[in-house]
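Chemist: My questions all concern the structure below.
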Amino acid sequence: MVREPNLLAQLAADLPKLSKSEVKVAEAILADPEAATRSSIAALASLAEVSEPSVNRFCKRFGASGFPDFKLRLARSLVAGVPFMSQAVDFDDGVDTYPRKLFDNTIGALMLARDQLPLASIGAAVEYLAAAKRIYFFGLGSSAAVAQDAEHKFFRFNVPVTTHTDPLMLRMLSAGGGQGDVFFFISHTGRTKTIVEAAERAKKAGAIVIALTANGSPLAEVCDCTLGITVAENTDDYLPMTSRIVHLVTLDALVTGVTIKRGDQFVDHLARLKASLRATRIPEK
């Protein structure tokens with residue numbers, strides 16, 4: 001069986017090669033692929049701020065005969081894949097194909113994220129985190145692992161850092177927040193009720209609220225600082241993969257930013273932490 005390439009992955013991977021007008025169309029589609037499948041060519045052109053002929057040329061660049069054919073291929077990409085696993089993989093794939101597909105899909109998502117990095121928001125988040133007296137990282141489901149990774153890295157800054165996955169603890173801690181506290185919420189969709197409600201509660205309590213989430217999501221709307229990064233991954237139907245990796249790398253950027261802000265004098269502290277691990281390692285031969 002010859003499988004049609006996943007159009008979403010192809011759009012993300014080819015983004016650096018596109019012209020300025022083509023990038024506008026691609027980003028409009030990747031921001032909400034499902035909406036694009038229902039859109040008219042005029043509506044998409046208006047959203048991307050390009051002409052209708054530009055949209056039509058864009059569609060043909062990716063092998064479609066026109067906009068209607070492109071929308072059909074886009075719809076197939078949204079439902080393609082192994083259900084509840086990955087939209088980049090097909091049941092016919094073998095070990096010689098599916099590992100590379102997953103790597104290619106992740107590389108494409110990282111390249112897209114890199115090209116749309118919200119640098120101003122990253123800078124603002126670094127300032128908030130560097131000034132925090134206490135930091136809370138919250139995420140549920142697959143985002144919980146990302147939050148735990150953030151805790152593991154940020155404790156090095158000599159600031160109390162906590163992460164919890166219990167929804168009841170999340171409610172109580174967010175209600176008890178205050179000035180000097182930073183609550184950092186991680187959610188690919190930004191639509192998880194427990195997370196959105198906790199963000200609203202923390203902000204009402206007077207804490208700074210930051211979110212790593214989708215632009216325009218309910219979570220993004222209640223935060224002081226939103227790191228909005230679009231990852232074309234349907235986590236309603238598939239296991240979160242590329243979105244998790246993109247979030248981890250974004251947090252690495254924040255860790256690096258805070259480290260740079262602390263300056264050279266902070267290096268000795270980091271060195272002591274690393275040195276404390278030497279006795280736990282089996283020497284290399």
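Residues are referred to by chain and number: the chain letter is A, B, ... according to the order shown in the structure tokens, the number counts from 1 in that chain, and ligands are numbered separately from 1 in the order shown.
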Apply DSSP to the backbone of this structure and, from range 2-130 of chain A, keep only the residues in alpha helix (DSSP H); write these as a VMD selection string.
Modeler: chain A and resid 7 to 14 20 to 31 33 to 38 41 to 48 52 to 61 67 to 79 98 to 115 119 to 130
Chemist: Using only C-alpha atoms, which protein or nucleic acid residues come within 6 Å of Gly228 in chain A? Drop anything in the same chain fewer than 6 positions from it, and give the result as a list of chain:residue names.
Modeler: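 Neighbouring residues, sequence-local ones excluded: A:Thr213, A:Ala214, A:Asn215.
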Chemist: With only C-alpha atoms counted and 9 Å as the cut-off, give the residues of range 120-218 of chain A in contact with range 258-269 of chain A, each with its shortest interatomic distance in Å and the pair that gives it, as JSON lines.
Modeler:
```
{"residue": "A:Val126", "atom": "CA", "partner": "A:Val258", "partner_atom": "CA", "distance": 5.7}
{"residue": "A:Glu127", "atom": "CA", "partner": "A:Val258", "partner_atom": "CA", "distance": 7.7}
{"residue": "A:Leu129", "atom": "CA", "partner": "A:Val258", "partner_atom": "CA", "distance": 7.2}
{"residue": "A:Ala130", "atom": "CA", "partner": "A:Val258", "partner_atom": "CA", "distance": 5.7}
{"residue": "A:Arg156", "atom": "CA", "partner": "A:His269", "partner_atom": "CA", "distance": 8.3}
{"residue": "A:Phe157", "atom": "CA", "partner": "A:Thr259", "partner_atom": "CA", "distance": 8.0}
```
Chemist: Within 6 Å of Ala147 in chain A, counting only C-alpha atoms, which residues qualify if same-chain residues fewer than 6 places away don't, as a PyMOL selection string?
Modeler: chain A and resi 137-139
Chemist: Report, in Å to a single decimal, how far apart CA of Ser187 in chain A and CA of Gly216 in chain A are.
Modeler: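 Straight-line distance from CA of Gly216 in chain A to CA of Ser187 in chain A works out to 12.6 Å.
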Chemist: Do you know which residues are at most 12 Å from Pro33 in chain A counting only C-alpha atoms, after dropping those on the same chain fewer than 6 positions away, and could you put them as a PyMOL selection string?
Modeler: chain A and resi 7-9+11-12+25-27+39+44+70-79+230-234
Chemist: Since we have the selection now, will you write its residues out, keeping C-alpha atoms, as an mmCIF file, in the first residue's frame?
Modeler:
```cif
data_model
loop_
_atom_site.group_PDB
_atom_site.id
_atom_site.type_symbol
_atom_site.label_atom_id
_atom_site.label_comp_id
_atom_site.auth_asym_id
_atom_site.auth_seq_id
_atom_site.Cartn_x
_atom_site.Cartn_y
_atom_site.Cartn_z
ATOM 1 C CA LEU A 7 0.305 17.052 4.410
ATOM 2 C CA LEU A 8 0.581 18.709 7.826
ATOM 3 C CA ALA A 9 4.019 17.240 8.441
ATOM 4 C CA LEU A 11 3.884 21.856 5.478
ATOM 5 C CA ALA A 12 5.832 22.086 8.731
ATOM 6 C CA VAL A 25 -0.663 30.644 4.082
ATOM 7 C CA ALA A 26 1.116 27.714 5.720
ATOM 8 C CA GLU A 27 1.047 29.299 9.176
ATOM 9 C CA SER A 39 -12.694 27.436 4.834
ATOM 10 C CA LEU A 44 -8.159 31.650 3.930
ATOM 11 C CA PHE A 70 -5.862 20.587 -1.178
ATOM 12 C CA LYS A 71 -8.619 20.629 1.450
ATOM 13 C CA LEU A 72 -9.374 16.958 0.808
ATOM 14 C CA ARG A 73 -5.714 16.061 1.298
ATOM 15 C CA LEU A 74 -5.606 18.194 4.432
ATOM 16 C CA ALA A 75 -8.665 16.414 5.830
ATOM 17 C CA ARG A 76 -7.069 13.033 5.130
ATOM 18 C CA SER A 77 -3.935 14.147 6.975
ATOM 19 C CA LEU A 78 -6.007 15.030 10.036
ATOM 20 C CA VAL A 79 -7.530 11.567 10.262
ATOM 21 C CA THR A 230 1.471 26.189 17.368
ATOM 22 C CA VAL A 231 2.166 22.476 17.053
ATOM 23 C CA ALA A 232 0.128 20.720 14.359
ATOM 24 C CA GLU A 233 -0.764 17.692 16.454
ATOM 25 C CA ASN A 234 -4.270 16.374 17.057
#
```
Chemist: Any idea what's packed within 12 Å of Ala109 in chain A, counting only C-alpha atoms, ignoring anything in its chain fewer than 6 positions away? Could you give it as number ranges by chain?
Modeler: A: 8-16, 30, 88, 102-103, 115-116, 229-233, 241-247, 249
Chemist: With C-alpha atoms retained, export the selected residues as a PDB file, in the first residue's frame.
Modeler:
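Below you can see part_22.pdb, which holds the result:
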```pdb
ATOM      1  CA  LEU A   8       0.581  18.709   7.826  1.00  0.00           C
ATOM      2  CA  ALA A   9       4.019  17.240   8.441  1.00  0.00           C
ATOM      3  CA  GLN A  10       5.027  18.256   4.917  1.00  0.00           C
ATOM      4  CA  LEU A  11       3.884  21.856   5.478  1.00  0.00           C
ATOM      5  CA  ALA A  12       5.832  22.086   8.731  1.00  0.00           C
ATOM      6  CA  ALA A  13       8.972  20.548   7.257  1.00  0.00           C
ATOM      7  CA  ASP A  14       8.946  22.783   4.151  1.00  0.00           C
ATOM      8  CA  LEU A  15       8.231  26.044   5.980  1.00  0.00           C
ATOM      9  CA  PRO A  16      11.841  27.344   5.817  1.00  0.00           C
ATOM     10  CA  LEU A  30      -1.103  25.042  10.684  1.00  0.00           C
ATOM     11  CA  ALA A  88       2.339  10.263  11.166  1.00  0.00           C
ATOM     12  CA  LEU A 102       8.415   9.817  14.022  1.00  0.00           C
ATOM     13  CA  PHE A 103      11.833  11.480  13.945  1.00  0.00           C
ATOM     14  CA  ASP A 115      10.396  29.877  13.104  1.00  0.00           C
ATOM     15  CA  GLN A 116       7.438  31.149  15.136  1.00  0.00           C
ATOM     16  CA  ILE A 229       3.507  28.021  19.992  1.00  0.00           C
ATOM     17  CA  THR A 230       1.471  26.189  17.368  1.00  0.00           C
ATOM     18  CA  VAL A 231       2.166  22.476  17.053  1.00  0.00           C
ATOM     19  CA  ALA A 232       0.128  20.720  14.359  1.00  0.00           C
ATOM     20  CA  GLU A 233      -0.764  17.692  16.454  1.00  0.00           C
ATOM     21  CA  MET A 241       4.382  13.285  20.844  1.00  0.00           C
ATOM     22  CA  THR A 242       5.723  16.308  18.957  1.00  0.00           C
ATOM     23  CA  SER A 243       3.934  18.836  21.169  1.00  0.00           C
ATOM     24  CA  ARG A 244       5.628  17.360  24.241  1.00  0.00           C
ATOM     25  CA  ILE A 245       9.080  17.647  22.635  1.00  0.00           C
ATOM     26  CA  VAL A 246       8.464  21.239  21.516  1.00  0.00           C
ATOM     27  CA  HIS A 247       7.394  22.185  25.039  1.00  0.00           C
ATOM     28  CA  VAL A 249      12.812  22.519  24.223  1.00  0.00           C
TER      29      VAL A 249
END
```
Chemist: Using only C-alpha atoms for the distances, tell me which of A:Arg61, A:Lys133, A:Arg278, A:Arg201 is nearest to Met172 in chain A.
Modeler: A:Arg201
Chemist: Near range 176-184 of chain A, counting only C-alpha atoms, which residues have an atom at most 6 Å away, once you skip same-chain residues fewer than 3 positions from it, shown as a list in words?
Modeler: Ala132, Lys133, Arg134, Ile135, Tyr136, Phe137, Leu173, Ala202, Ala205, Gly206, Ala207, Ile208, Val209, Ile210 and Ala211 of chain A
Chemist: Return as a list in words the full set of residues in range 126-242 of chain A whose backbone-based DSSP assignment is strand (DSSP E).
Modeler: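 Residues of range 126-242 of chain A classed as strand (DSSP E): Arg134, Ile135, Tyr136, Phe137, Phe138, Val161, Thr162, Thr163, His164, Asp181, Val182, Phe183, Phe184, Phe185, Ile186, Ile208, Val209, Ile210, Ala211, Leu212, Thr213, Cys225, Thr226, Leu227 and Gly228 of chain A.
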Chemist: Name the residues in contact with Thr194 in chain A at a cut-off of 9 Å, using only C-alpha atoms, excluding same-chain residues fewer than 3 positions from it; report them as a list in words.
Modeler: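 Everything that qualifies: Leu140, Pro167, Leu170, Arg171, Arg191, Glu197, Ala198 and Ala199 of chain A.
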Chemist: Between A:Thr165, A:Thr97, A:Asn158, A:Ser143, which has the minimum distance to Ile186 in chain A (counting only C-alpha atoms)?
Modeler: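 Selected residue with least distance to Ile186 in chain A: A:Ser143.
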Chemist: What is the distance, in Å and to one decimal place, between CA of Glu221 in chain A and CA of Ala31 in chain A?
Modeler: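 Between CA of Glu221 in chain A and CA of Ala31 in chain A the gap is 16.4 Å.
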